[in-house]
Each structure stands twice: as C-alpha cells, then as structure tokens.
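Reproduced below: protein-v3.cif, with mmCIF, C-alpha atoms and all ligand atoms.
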data_data
#
loop_
_atom_site.label_atom_id
_atom_site.label_comp_id
_atom_site.auth_asym_id
_atom_site.auth_seq_id
_atom_site.Cartn_x
_atom_site.Cartn_y
_atom_site.Cartn_z
CA MET U 17 23.48 3.31 -9.41
CA SER U 18 20.71 5.48 -10.72
CA GLY U 19 18.85 5.47 -13.95
CA GLU U 20 17.66 1.93 -14.77
CA LYS U 21 14.45 2.46 -16.67
CA LEU U 22 11.59 0.44 -15.23
CA SER U 23 8.96 -1.01 -17.55
CA LEU U 24 5.81 -2.99 -16.82
CA LYS U 25 6.81 -5.65 -19.35
CA ASP U 26 10.08 -6.38 -17.53
CA LEU U 27 8.70 -6.05 -14.03
CA ALA U 28 5.89 -8.47 -14.84
CA ARG U 29 8.51 -11.17 -15.27
CA LYS U 30 10.33 -10.40 -12.05
CA ARG U 31 9.74 -12.94 -9.31
CA ASP U 32 7.55 -11.65 -6.50
CA LEU U 33 9.32 -11.10 -3.21
CA LEU U 34 6.02 -11.21 -1.35
CA ALA U 35 4.80 -14.76 -1.90
CA PRO U 36 1.23 -16.00 -2.24
CA GLY U 37 -0.33 -17.87 0.66
CA HIS U 38 -0.43 -14.81 2.92
CA ARG U 39 -3.69 -14.21 4.73
CA LEU U 40 -4.53 -10.58 4.04
CA CYS U 41 -8.23 -10.21 3.10
CA ALA U 42 -9.33 -10.87 -0.47
CA GLY U 43 -8.86 -7.61 -2.36
CA CYS U 44 -6.63 -6.04 0.31
CA GLY U 45 -4.94 -2.87 -0.95
CA ALA U 46 -2.01 -3.31 1.44
CA ALA U 47 -1.15 -6.62 -0.25
CA ILE U 48 -1.00 -4.94 -3.68
CA VAL U 49 1.10 -2.11 -2.27
CA ALA U 50 3.61 -4.48 -0.64
CA ARG U 51 3.90 -6.62 -3.78
CA LEU U 52 4.54 -3.59 -5.96
CA VAL U 53 7.06 -2.07 -3.55
CA MET U 54 9.00 -5.34 -3.44
CA LYS U 55 8.93 -5.61 -7.23
CA ALA U 56 10.75 -2.29 -7.46
CA THR U 57 13.69 -3.37 -5.29
CA ARG U 58 17.09 -3.37 -7.01
CA GLY U 59 19.19 -5.93 -5.12
CA PRO U 60 19.74 -7.37 -1.66
CA THR U 61 17.06 -5.90 0.59
CA ILE U 62 16.11 -6.21 4.25
CA VAL U 63 12.55 -5.41 5.31
CA ALA U 64 11.28 -4.34 8.72
CA CYS U 65 7.57 -4.27 9.34
CA ALA U 66 5.60 -2.53 12.10
CA THR U 67 2.69 -4.31 13.72
CA GLY U 68 -0.47 -4.13 11.64
CA CYS U 69 -2.44 -6.09 9.04
CA LEU U 70 0.53 -6.39 6.68
CA GLU U 71 2.82 -7.80 9.35
CA VAL U 72 0.25 -10.04 11.05
CA ALA U 73 -1.25 -11.58 7.95
CA THR U 74 1.99 -12.17 6.04
CA THR U 75 3.76 -13.94 8.91
CA ILE U 76 1.29 -16.18 10.68
CA PHE U 77 3.55 -18.61 12.54
CA PRO U 78 5.17 -20.82 11.31
CA TYR U 79 4.63 -19.36 7.82
CA THR U 80 6.16 -16.32 6.17
CA ALA U 81 5.33 -14.77 2.81
CA TRP U 82 8.58 -12.76 2.66
CA ARG U 83 11.33 -13.95 0.32
CA VAL U 84 13.79 -11.47 1.82
CA PRO U 85 15.29 -11.17 5.31
CA TRP U 86 12.43 -9.72 7.30
CA ILE U 87 11.93 -8.57 10.86
CA HIS U 88 8.84 -7.67 12.82
CA SER U 89 9.35 -4.79 15.19
CA ALA U 90 6.92 -3.41 17.74
CA PHE U 91 4.16 -1.11 16.67
CA GLU U 92 6.00 2.08 17.62
CA ASN U 93 9.58 1.58 16.50
CA VAL U 94 9.93 0.22 12.97
CA ALA U 95 11.92 3.30 11.92
CA SER U 96 14.35 2.67 14.80
CA THR U 97 14.68 -0.99 13.83
CA ALA U 98 15.42 0.01 10.24
CA SER U 99 17.93 2.63 11.46
CA GLY U 100 19.73 -0.05 13.47
CA ILE U 101 19.88 -2.40 10.50
CA GLU U 102 21.29 0.35 8.30
CA ALA U 103 23.87 1.35 10.93
CA GLY U 104 24.84 -2.31 11.38
CA LEU U 105 25.31 -2.79 7.65
CA LYS U 106 27.51 0.32 7.52
CA ALA U 107 29.65 -1.02 10.37
CA LEU U 108 30.03 -4.39 8.64
CA LYS U 109 31.01 -2.67 5.43
CA ARG U 110 33.59 -0.55 7.22
CA ALA U 111 35.04 -3.72 8.77
CA GLY U 112 35.15 -5.35 5.34
CA LYS U 113 32.71 -8.04 6.46
CA LEU U 114 29.75 -7.22 4.25
CA LYS U 115 29.25 -9.74 1.50
CA TYR U 116 27.38 -7.28 -0.69
CA ASP U 117 28.34 -3.95 -2.15
CA HIS U 118 25.10 -2.45 -0.88
CA VAL U 119 21.99 -3.62 0.96
CA ASP U 120 18.75 -1.64 0.85
CA VAL U 121 16.62 -1.28 3.98
CA ILE U 122 12.87 -0.80 3.75
CA ALA U 123 10.51 -0.14 6.66
CA PHE U 124 6.76 -0.70 6.25
CA GLY U 125 4.28 0.94 8.59
CA GLY U 126 0.50 1.37 8.54
CA ASP U 127 -1.19 4.70 9.24
CA GLY U 128 -1.54 3.90 12.93
CA ALA U 129 2.15 3.06 13.09
CA THR U 130 3.15 6.16 11.13
CA TYR U 131 0.82 9.09 11.91
CA ASP U 132 0.43 8.19 15.56
CA ILE U 133 2.38 5.65 17.53
CA GLY U 134 5.65 5.44 15.58
CA PHE U 135 5.87 9.09 14.64
CA GLN U 136 8.76 10.09 16.87
CA ALA U 137 10.84 7.09 15.80
CA ILE U 138 10.45 8.15 12.15
CA SER U 139 11.19 11.78 12.90
CA GLY U 140 14.35 10.72 14.76
CA ALA U 141 15.53 8.37 12.02
CA PHE U 142 15.04 11.09 9.39
CA GLU U 143 16.82 13.71 11.45
CA ARG U 144 19.77 11.33 11.92
CA GLY U 145 19.78 10.79 8.18
CA HIS U 146 19.70 7.00 7.96
CA ASP U 147 19.71 5.67 4.41
CA ILE U 148 16.35 3.89 4.64
CA LEU U 149 13.11 3.88 2.67
CA TYR U 150 10.02 4.21 4.85
CA VAL U 151 6.81 3.04 3.18
CA LEU U 152 3.55 4.18 4.71
CA TYR U 153 0.71 1.95 3.52
CA ASP U 154 -2.27 4.06 4.43
CA ASN U 155 -5.59 2.25 4.87
CA GLU U 156 -6.78 5.20 6.96
CA ALA U 157 -7.55 3.42 10.26
CA TYR U 158 -6.26 0.81 12.68
CA MET U 159 -7.65 -2.04 10.61
CA ASN U 160 -6.03 -5.04 12.21
CA THR U 161 -7.70 -4.36 15.55
CA GLY U 162 -11.11 -3.52 14.07
CA ILE U 163 -11.24 -0.16 12.26
CA GLN U 164 -10.35 2.42 14.94
CA ARG U 165 -9.75 6.00 13.80
CA SER U 166 -6.17 7.22 13.47
CA GLY U 167 -4.43 10.50 12.63
CA GLY U 168 -4.67 9.29 9.02
CA THR U 169 -8.44 8.75 8.99
CA PRO U 170 -10.11 11.41 6.82
CA LYS U 171 -12.68 13.82 8.20
CA TYR U 172 -16.24 12.41 8.49
CA ALA U 173 -15.22 8.78 7.94
CA SER U 174 -17.15 6.44 10.20
CA THR U 175 -14.94 4.10 12.23
CA THR U 176 -15.64 2.05 15.34
CA THR U 177 -14.18 4.83 17.52
CA SER U 178 -15.72 7.66 15.47
CA PRO U 179 -19.05 6.02 14.66
CA ALA U 180 -21.44 8.08 12.55
CA GLY U 181 -24.81 8.46 14.26
CA LYS U 182 -26.94 10.97 16.10
CA VAL U 183 -24.02 12.44 18.05
CA ILE U 184 -21.29 12.83 15.40
CA PRO U 185 -21.14 12.39 11.59
CA GLY U 186 -17.95 10.30 11.77
CA LYS U 187 -14.45 11.55 12.63
CA LEU U 188 -14.48 15.29 13.34
CA GLU U 189 -10.78 15.98 12.83
CA LEU U 190 -8.75 16.44 9.65
CA LYS U 191 -6.31 13.90 8.22
CA LYS U 192 -2.80 14.86 9.28
CA PRO U 193 -0.70 16.12 6.30
CA ILE U 194 1.91 13.48 7.03
CA SER U 195 3.93 13.64 3.80
CA HIS U 196 4.34 17.41 3.98
CA ILE U 197 5.57 16.96 7.55
CA MET U 198 8.16 14.57 6.15
CA VAL U 199 9.22 17.09 3.47
CA ALA U 200 9.74 19.54 6.34
CA HIS U 201 12.34 17.11 7.72
CA ARG U 202 14.46 18.12 4.70
CA ILE U 203 15.09 14.54 3.62
CA PRO U 204 16.14 13.88 0.02
CA TYR U 205 12.97 12.20 -1.20
CA VAL U 206 9.26 12.18 -0.33
CA ALA U 207 6.47 10.95 -2.62
CA THR U 208 2.87 9.83 -2.69
CA ALA U 209 1.67 6.89 -4.78
CA SER U 210 -1.41 4.84 -5.56
CA PRO U 211 -1.58 1.13 -6.48
CA ALA U 212 -3.93 2.09 -9.33
CA TYR U 213 -0.82 3.47 -11.10
CA PRO U 214 1.75 0.70 -10.66
CA LEU U 215 4.52 2.12 -12.83
CA ASP U 216 4.42 5.52 -11.11
CA LEU U 217 4.49 3.71 -7.76
CA MET U 218 7.42 1.45 -8.63
CA ARG U 219 9.45 4.30 -10.14
CA LYS U 220 9.05 6.25 -6.93
CA VAL U 221 10.09 3.28 -4.81
CA ARG U 222 13.18 2.84 -6.97
CA ARG U 223 14.00 6.54 -6.67
CA GLY U 224 13.51 6.34 -2.92
CA LEU U 225 16.03 3.51 -2.77
CA GLU U 226 18.51 5.30 -5.03
CA VAL U 227 18.79 8.55 -3.11
CA GLU U 228 21.36 8.71 -0.34
CA GLY U 229 19.64 9.28 2.96
CA PRO U 230 16.07 8.84 4.15
CA ALA U 231 13.13 8.51 1.78
CA PHE U 232 9.42 8.40 2.59
CA ILE U 233 6.67 7.12 0.31
CA HIS U 234 3.04 7.50 1.26
CA ILE U 235 0.90 4.93 -0.55
CA LEU U 236 -2.87 4.79 -0.36
CA ALA U 237 -4.03 1.24 0.44
CA PRO U 238 -7.83 0.95 0.16
CA CYS U 239 -9.26 -1.57 2.63
CA PRO U 240 -12.51 -3.23 1.53
CA ARG U 241 -13.24 -4.32 5.09
CA GLY U 242 -12.78 -0.96 6.81
CA TRP U 243 -13.92 1.34 4.02
CA ARG U 244 -16.91 -0.89 3.33
CA PHE U 245 -16.85 -1.65 -0.38
CA ASP U 246 -16.83 -4.85 -2.42
CA PRO U 247 -13.25 -6.22 -2.68
CA ARG U 248 -13.34 -6.05 -6.48
CA TYR U 249 -13.28 -2.22 -6.30
CA THR U 250 -9.97 -1.75 -4.44
CA ILE U 251 -8.15 -0.40 -7.48
CA GLU U 252 -11.14 1.73 -8.51
CA MET U 253 -11.04 3.40 -5.09
CA ALA U 254 -7.28 3.95 -5.37
CA ARG U 255 -7.85 5.54 -8.81
CA LEU U 256 -10.82 7.69 -7.80
CA ALA U 257 -8.83 9.08 -4.86
CA VAL U 258 -6.32 10.43 -7.38
CA GLN U 259 -8.86 11.55 -9.99
CA THR U 260 -10.77 13.58 -7.38
CA CYS U 261 -7.54 15.08 -5.94
CA VAL U 262 -8.38 13.59 -2.55
CA PHE U 263 -4.99 11.88 -2.87
CA PRO U 264 -2.82 13.69 -5.45
CA LEU U 265 0.33 12.09 -6.84
CA TRP U 266 3.49 14.10 -6.30
CA GLU U 267 7.13 13.78 -5.38
CA ALA U 268 9.49 16.16 -3.65
CA GLU U 269 13.17 15.66 -4.33
CA ASN U 270 15.28 17.83 -2.01
CA GLY U 271 12.15 19.76 -1.11
CA LYS U 272 11.19 20.56 -4.72
CA TYR U 273 7.56 19.59 -5.25
CA LYS U 274 6.49 18.09 -8.58
CA LEU U 275 3.17 16.54 -9.59
CA THR U 276 3.29 13.19 -11.37
CA GLY U 277 1.01 11.09 -13.57
CA VAL U 278 -2.69 11.84 -13.61
CA SER U 279 -2.30 14.63 -11.06
CA ARG U 280 -0.02 16.48 -13.45
CA SER U 281 -2.61 16.06 -16.21
CA ILE U 282 -5.34 17.42 -13.92
CA ALA U 283 -3.20 20.47 -13.13
CA ARG U 284 -2.89 21.15 -16.87
CA ASN U 285 -6.52 20.41 -17.59
CA PRO U 286 -8.64 21.11 -14.48
CA LYS U 287 -11.76 19.80 -16.25
CA MET U 288 -10.42 16.31 -15.61
CA LYS U 289 -10.81 16.74 -11.86
CA LYS U 290 -13.75 14.67 -10.62
CA PRO U 291 -16.06 15.78 -7.78
CA VAL U 292 -15.21 14.18 -4.41
CA GLU U 293 -18.72 12.78 -4.28
CA GLU U 294 -17.74 10.15 -6.87
CA TYR U 295 -15.17 8.81 -4.44
CA LEU U 296 -17.16 9.19 -1.21
CA LYS U 297 -20.44 7.68 -2.37
CA ARG U 298 -18.78 4.40 -3.26
CA GLN U 299 -17.72 3.70 0.33
CA GLY U 300 -19.85 2.61 3.28
CA ARG U 301 -17.71 4.60 5.71
CA PHE U 302 -19.13 7.79 4.13
CA ARG U 303 -22.66 6.49 3.57
CA HIS U 304 -24.15 8.74 6.28
CA LEU U 305 -23.04 11.84 4.36
CA PHE U 306 -25.61 11.21 1.66
CA THR U 307 -28.72 12.02 3.72
CA PRO U 308 -30.43 15.42 3.26
CA GLU U 309 -29.29 16.70 6.67
CA ASN U 310 -25.65 15.77 6.07
CA ARG U 311 -25.28 16.80 2.40
CA HIS U 312 -23.51 20.02 3.36
CA LEU U 313 -20.67 17.90 4.81
CA VAL U 314 -19.89 16.59 1.32
CA ASP U 315 -19.60 20.22 0.20
CA GLU U 316 -17.30 20.88 3.13
CA ILE U 317 -15.06 17.94 2.14
CA GLN U 318 -15.00 19.28 -1.44
CA LYS U 319 -13.88 22.64 -0.11
CA ILE U 320 -11.10 21.09 1.97
CA VAL U 321 -9.88 19.00 -0.98
CA ASP U 322 -9.92 22.05 -3.28
CA GLU U 323 -7.96 24.13 -0.79
CA GLU U 324 -5.33 21.44 -0.29
CA TRP U 325 -5.05 20.87 -4.04
CA ASN U 326 -4.58 24.61 -4.67
CA TRP U 327 -1.95 24.73 -1.96
CA LEU U 328 -0.12 21.82 -3.62
CA LEU U 329 -0.27 23.56 -7.01
CA LYS U 330 1.32 26.60 -5.41
CA MET U 331 4.05 24.49 -3.83
CA CYS U 332 4.84 23.02 -7.26
CA GLN U 333 5.06 26.48 -8.82
CA LEU U 334 7.29 27.77 -6.03
CA SER U 335 9.69 24.84 -6.27
CA MET A 4 -5.48 -39.27 24.61
CA THR A 5 -5.09 -36.07 22.64
CA GLU A 6 -2.01 -35.51 20.53
CA ARG A 7 0.77 -33.70 22.39
CA LEU A 8 1.25 -30.13 21.11
CA PRO A 9 4.78 -28.74 20.76
CA GLY A 10 6.02 -27.18 24.01
CA TRP A 11 8.20 -24.11 24.37
CA ARG A 12 11.36 -26.20 23.98
CA ASP A 13 10.24 -27.35 20.53
CA ILE A 14 9.45 -23.93 19.16
CA PRO A 15 12.22 -22.12 17.22
CA ILE A 16 13.99 -19.38 19.20
CA GLY A 17 12.44 -15.95 18.80
CA GLY A 18 9.44 -17.29 16.90
CA VAL A 19 11.35 -17.47 13.63
CA ALA A 20 8.88 -18.35 10.89
CA PHE A 21 10.34 -21.25 8.96
CA LYS A 22 7.73 -22.37 6.45
CA PRO A 23 7.05 -20.59 3.16
CA SER A 24 3.50 -19.28 2.95
CA GLU A 25 3.02 -21.15 -0.34
CA GLU A 26 2.42 -24.22 1.78
CA TYR A 27 -0.77 -22.53 2.91
CA LYS A 28 -3.28 -22.57 0.06
CA THR A 29 -5.75 -19.70 0.11
CA GLY A 30 -7.69 -20.82 -2.97
CA ASP A 31 -10.47 -22.31 -0.87
CA TRP A 32 -11.49 -18.80 0.27
CA ARG A 33 -12.87 -18.24 -3.22
CA VAL A 34 -16.57 -17.97 -4.02
CA PHE A 35 -16.16 -16.64 -7.56
CA ARG A 36 -13.40 -17.72 -9.90
CA PRO A 37 -11.86 -15.40 -12.52
CA VAL A 38 -11.56 -17.18 -15.85
CA LEU A 39 -9.32 -15.88 -18.63
CA ASN A 40 -10.33 -15.68 -22.25
CA LYS A 41 -6.92 -15.90 -23.92
CA GLU A 42 -8.20 -14.58 -27.24
CA LYS A 43 -9.14 -11.24 -25.73
CA CYS A 44 -5.97 -10.75 -23.66
CA ASN A 45 -3.49 -8.29 -25.18
CA ARG A 46 -0.81 -8.90 -22.55
CA CYS A 47 -0.93 -5.52 -20.81
CA TYR A 48 -0.30 -7.42 -17.53
CA LEU A 49 -2.30 -4.97 -15.44
CA CYS A 50 -4.05 -7.92 -13.75
CA HIS A 51 -0.64 -9.24 -12.72
CA PHE A 52 0.22 -5.96 -11.00
CA TYR A 53 -3.21 -5.50 -9.42
CA CYS A 54 -3.51 -9.03 -7.96
CA PRO A 55 -3.08 -8.85 -4.16
CA GLU A 56 -1.88 -12.46 -4.11
CA GLY A 57 0.57 -12.56 -6.96
CA ALA A 58 -1.64 -15.36 -8.25
CA ILE A 59 -1.61 -14.12 -11.85
CA LYS A 60 1.69 -15.18 -13.33
CA VAL A 61 3.35 -14.12 -16.56
CA LEU A 62 4.79 -17.18 -18.29
CA ASP A 63 7.93 -17.28 -20.44
CA THR A 64 5.66 -17.41 -23.50
CA GLY A 65 4.18 -14.04 -22.43
CA ASP A 66 0.80 -15.60 -21.67
CA ILE A 67 -0.75 -15.15 -18.27
CA GLU A 68 -1.89 -17.93 -16.00
CA ILE A 69 -4.08 -17.79 -12.89
CA ASP A 70 -2.93 -19.90 -9.96
CA TYR A 71 -6.15 -21.13 -8.38
CA ASP A 72 -4.24 -22.56 -5.41
CA TYR A 73 -3.96 -19.00 -4.09
CA CYS A 74 -6.57 -16.85 -5.90
CA LYS A 75 -9.01 -15.71 -3.18
CA GLY A 76 -11.60 -14.57 -5.73
CA CYS A 77 -11.49 -10.83 -4.97
CA LEU A 78 -12.24 -10.21 -8.68
CA ILE A 79 -10.12 -7.06 -8.96
CA CYS A 80 -8.72 -8.54 -12.18
CA VAL A 81 -12.21 -9.04 -13.63
CA ASN A 82 -13.14 -5.47 -12.72
CA GLU A 83 -9.92 -3.94 -14.07
CA CYS A 84 -9.13 -5.80 -17.30
CA PRO A 85 -9.37 -3.11 -20.01
CA ARG A 86 -10.27 -5.76 -22.62
CA GLY A 87 -12.90 -7.63 -20.64
CA ALA A 88 -10.78 -10.78 -21.02
CA LEU A 89 -11.58 -12.03 -17.52
CA GLU A 90 -14.94 -13.28 -16.45
CA SER A 91 -16.21 -14.36 -13.04
CA VAL A 92 -17.79 -17.76 -12.60
CA GLN A 93 -19.29 -19.03 -9.36
CA GLU A 94 -17.45 -22.00 -7.84
C1 LIG J 401 1.95 -0.84 21.50
C2 LIG J 401 0.86 -1.55 20.85
N1 LIG J 401 -0.42 -1.08 20.98
C3 LIG J 401 -1.43 -1.72 20.39
C4 LIG J 401 -1.23 -2.84 19.66
C5 LIG J 401 -2.39 -3.55 19.02
N2 LIG J 401 -2.42 -3.39 17.59
C6 LIG J 401 -1.95 -4.34 16.74
S1 LIG J 401 -2.15 -4.00 15.13
C7 LIG J 401 -2.92 -2.54 15.50
C8 LIG J 401 -3.46 -1.64 14.41
C9 LIG J 401 -2.45 -1.21 13.42
O1 LIG J 401 -2.96 -0.14 12.68
P1 LIG J 401 -2.17 0.40 11.43
O2 LIG J 401 -0.80 0.81 11.80
O3 LIG J 401 -3.01 1.46 10.78
O4 LIG J 401 -2.05 -0.86 10.47
P2 LIG J 401 -3.27 -1.69 9.80
O5 LIG J 401 -3.61 -2.79 10.73
O6 LIG J 401 -4.40 -0.75 9.59
O7 LIG J 401 -2.71 -2.21 8.52
C10 LIG J 401 -2.99 -2.34 16.89
C11 LIG J 401 -3.64 -1.21 17.57
C12 LIG J 401 0.10 -3.32 19.53
N3 LIG J 401 0.40 -4.40 18.81
N4 LIG J 401 1.11 -2.66 20.14
S1 LIG J 402 -8.68 -5.44 7.20
FE1 LIG J 402 -8.20 -4.17 5.41
S2 LIG J 402 -5.98 -3.78 5.48
FE2 LIG J 402 -6.43 -5.50 6.88
S3 LIG J 402 -6.09 -7.36 5.65
FE3 LIG J 402 -8.29 -6.81 5.47
S4 LIG J 402 -8.44 -5.52 3.63
FE4 LIG J 402 -6.26 -5.60 4.23
MG MG J 403 -4.17 1.25 9.10
#

Structure rendered as structure tokens:
Amino acid sequence: MSGEKLSLKDLARKRDLLAPGHRLCAGCGAAIVARLVMKATRGPTIVACATGCLEVATTIFPYTAWRVPWIHSAFENVASTASGIEAGLKALKRAGKLKYDHVDVIAFGGDGATYDIGFQAISGAFERGHDILYVLYDNEAYMNTGIQRSGGTPKYASTTTSPAGKVIPGKLELKKPISHIMVAHRIPYVATASPAYPLDLMRKVRRGLEVEGPAFIHILAPCPRGWRFDPRYTIEMARLAVQTCVFPLWEAENGKYKLTGVSRSIARNPKMKKPVEEYLKRQGRFRHLFTPENRHLVDEIQKIVDEEWNWLLKMCQLS
Amino acid sequence: MTERLPGWRDIPIGGVAFKPSEEYKTGDWRVFRPVLNKEKCNRCYLCHFYCPEGAIKVLDTGDIEIDYDYCKGCLICVNECPRGALESVQE
C-alpha cells in the first residue's frame, strides 16, 4: 500500500474533504491543517473529532463541512472513539461484512483535548496498538472557550487564565513535550508538521496512515484570535515557528528520529536559524516581553529553544 | 403569532447534521477581497493549499479561481503569493 508519491500539482486537483461554508475564524490555522490532512487521505476514511474549535465550527447544526463519515466525541475520549471504530471495522472485516478492503480512521484533537483532558485515552489507545492516526492541531490554548492556558501553551504566553500583568509575565510553566511522550509509547510513527510546508505535512499524514498501528502527528495551528495577530499572517507564524526552531519538523519511525524539510537544512547550516524574537514579537500574546524589565525573558525563551533543539539534534544522531 | 419552531420530535435522532455547509455562505464576512492577476500567476498553487476555506480552486485548465461565496477575506493568499499575483481590494 505504501509508496505513492505525493505532489502538490496532483493534490491541488483533489477534491477537498473539508468543505467550505464552515465557520472557523477568517485565517484560522486549524482550518488549513484539517484541509491539508484530509487531502492526504488515500481512500475510505472515518473521522472522529474531539470537542474544540474544529469540531464546533465545522458542524454547526444542521450543517456539516465533512465529506466523510464523521463523529463528534466528548472532549476527553476521541482516541477511545477512534479505537472503537477501528475495532468495529476489524470485526466487520473478519465477518466478511466490510464493503471495503481497508478503511482509515483519523482522530482530531486540539491541544486541550490532547495534552490535558484526553491524554489517558490516547495513551491507552496507543498501548493497545489500534491502527489509527491521531492528529493534534495545536493552537496552544483552549481557544473555543476563550483562550485559556493548556499544557500546550508555551512559557510566558499571555492567556485569559495566565494573563500577563503585574503579578505574572504570562504562563509560568513549560510546554509539555507531547510528541516525545508519544515516541516513548513505542508506536510506529510520530511526526511534527507545519501548515507553512504543505507537502511535508501531507507526506507525513500519508505515512501515518500507511504504517500498521498507531500514528501521531503534531501540527502547529496558529490562531489569529488567541495569539493576537492579523489573520493574514497565519502561515507566516507557522513558518517562523519552524525557522526559529521553536517548532522543528521531524519524524520518528519506530523510534528513529529524523529531521525533515527546513529543520534538516538548519541542522546542516545553523546560520539559517532565526532568533526566537522574530517569532515572538509578531504576536500580541508575547507583547509584554518586549518591555525593558521583561527583556531577559526573551533571552530565557531563546535558551530553552536552543536546549531543546540541541537535544533533538542529539536524538537524530543517536537514531 | 410567531412561527412555530421545530420541537424535539422534529429534530433528527442524535443531532445528525444533514445539510452540507456549502449552503451556508461565508463570503459576507469579508471586508477585503483578494483579486487575482492571472498574468502574474505561475500556477504554484500555494494559495490553494494555504486557503482555510478551500475557496481557491484549481480548474481543469490549470488556472485558479477564487470562490467569493466562501472567501472570508483573511488575505493569507495575498500575503503568501510568491509572485505578488494577488491584491487586496476593499469591498
Ligand atoms: C468535559 C468538557 N469540559 C469542558 C468543555 C468545554 N469546552 C469546549 S471546547 C473547549 C476548548 C477546547 O480546547 P482545545 O482542545 O485546545 O481546542 P481548540 O478549541 O483550542 O481548538 C472547552 C474547554 C467540554 N466541552 N467538555
Ligand atoms: S479561535 Fe482560533 S482556532 Fe478557533 S476558529 Fe478562531 S482562529 Fe481558529
Ligand atoms: Mg487549542
């Protein structure tokens, strides 16, 4: 089943499986992510979606933007729902009642659904080895309920529950290294992706579908509303996150780490790596860091990013 | 008398959405409209992949076409086009 070479020219002509008319904000990164993921599907596909912006705004009753069988599950259990679908399909196949040779199952969850509330359901599904692809669209806060901080919110970002002011300079805790935690589950495929690099993203989705067993793809989904930037800059933010190594592109097949795309080029030519400031200063959620008394926090973020990047480089060498 | 709204008996079981979202036009959200200059376009199709709506379609001829019924005017395409083939115009 493996090996079909994806190209932008061909994929551009493929009918979208996420239809227009949905009500995600203008410029919403999650909308781009979902469209691209669905473009990379290879055949009959069932989608399960955790509660969050993507689910709410694509299925406002009585409308749906999904051109595939789709199910909304509660906030905390989309990985369990997807597991059940996969197990059901297997049972049908065994009984000779499945119309198709194979049906792919994709679960979408936001950062709230993935880092926090749905975490144990994912961990369980991965340990049981269900053949599902879990897509984390990470807009780095609980956006649908009004920008509350989550385990995926980066350090010093201002949110409504970590508001920057006299008491704190935004969220005090680090972003959870969610994808590395997934690699530690010893599943066949884990990757990160950015909508600024559509071909890299769609190749990874296709690979995630091809492998037998669980796959996890962590995709950055800039949110103009919650990150506080003009909607026209969504892709610029998604690109800067990669160029600054705040969000490096990599994949780990059977635990073997490998950088991809621009991140691989940066590893070869470190001069290409941009300072984190270029990413942070473009977003209102980090605005408070650019006052004289908070400048040192930008340096601290740079240090954290450098350390994590160096750790990732080591992981790639070890693999 | 006000019009009677559907009661629970009239609503599909389990809240099954039954209308395609295309019946809901989001084009009236737009304040600025992206306009394509065909001469400058070299058919890289990046705008098609970056559009959150799927409102930039690739036709059989290979040309692109913007569907203003759904374009919300985010202007990502204007910002991203490597050839400057898209321009924003106020509605
Ligand atoms: C158990 C439960 N708690 C709270 C909510 C309310 N709720 C709905 S969407 C949402 C935020 C979702 O955040 P995230 O998963 O990051 O997705 P996003 O909206 O940011 O895309 C919350 C808290 C809920 N639906 N169910
Ligand atoms: S709040 Fe953010 S994630 Fe939610 S629909 Fe708007 S842009 Fe998208
Ligand atoms: Mg979120």

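Neighbouring residues of stretch 156-170 of chain U at 7 Å or closer, counting only C-alpha atoms and skipping chain neighbours under 6 positions away, are Gly68, Cys69, Asp127, Gly128, Tyr131, Asp132, Thr176, Thr177, Ser178, Leu190, Lys191, Lys192 and Gly242 of chain U.
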
Go ahead and write the residues just picked, C-alpha atoms, as a CSV table (one decimal), in the coordinates of the input.
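Heads up, here's the output in result30.csv:
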chain,number,residue,atom,x,y,z
U,68,GLY,CA,-0.5,-4.1,11.6
U,69,CYS,CA,-2.4,-6.1,9.0
U,127,ASP,CA,-1.2,4.7,9.2
U,128,GLY,CA,-1.5,3.9,12.9
U,131,TYR,CA,0.8,9.1,11.9
U,132,ASP,CA,0.4,8.2,15.6
U,176,THR,CA,-15.6,2.0,15.3
U,177,THR,CA,-14.2,4.8,17.5
U,178,SER,CA,-15.7,7.7,15.5
U,190,LEU,CA,-8.8,16.4,9.6
U,191,LYS,CA,-6.3,13.9,8.2
U,192,LYS,CA,-2.8,14.9,9.3
U,242,GLY,CA,-12.8,-1.0,6.8

Which residues of chain U are close to chain A, meaning at most 7 Å apart when you count all atoms listed in the file, and how do they look as an MDAnalysis selection string? chainID U and resid 28:29 35:38 42:44 47:48 77:81 214 247:250

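Distance-wise, atom CA of U:Ile235 and atom CA of U:Tyr295 end up 17.0 Å apart.
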
Counting all atoms listed in the file, closest pick from A:Glu6, A:Glu42, A:Asp13, A:Asp31 relative to A:Ala88 is A:Glu42

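Between atom CA of U:Leu328 and atom CA of U:Glu252 the separation is 23.4 Å.
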
Query raised in the report: Could you name the residues that touch U:Asp216 at 10 Å or less, counting all atoms listed in the file, but leaving out those on the same chain fewer than 2 positions away, as a ChimeraX atom specification?
Result: /U:22,208-214,218-221,265-266,276-278

Protein, DNA and RNA residues within 12 Å of (12.3, 4.5, 5.8), all atoms listed in the file, as a PyMOL selection string:
chain U and resi 62-66+93-102+120-125+130+134-135+137-152+198+203-206+221+224-225+227-234

note - atom CA of U:Ala254 and atom CA of U:Leu27 are separated by 20.7 Å

Write out as number ranges by chain which residues come within 8 Å of U:Tyr273 when counting all atoms listed in the file, dropping same-chain ones fewer than 6 positions away. U: 266-267, 331-332, 335

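The residue that comes closest to A:Cys84, out of A:Pro9, A:Thr64, A:Cys50, A:Ile16 and on the basis of all atoms listed in the file, is A:Cys50.
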
Give the centre and edge lengths of an axis-aligned box, in Å to one decimal, that holds all listed atoms of ligand LIG 402 (chain J) with 5 Å on each side, as lines of an AutoDock Vina configuration file.
center_x = -7.3
center_y = -5.6
center_z = 5.4
size_x = 12.7
size_y = 13.6
size_z = 13.6

Need the shell around A:Val38: protein/DNA/RNA residues with any atom at most 8 Å away, counting only C-alpha atoms. Skip same-chain ones fewer than 6 positions apart. Format as a list in words? Leu89, Glu90, Ser91 and Val92 of chain A
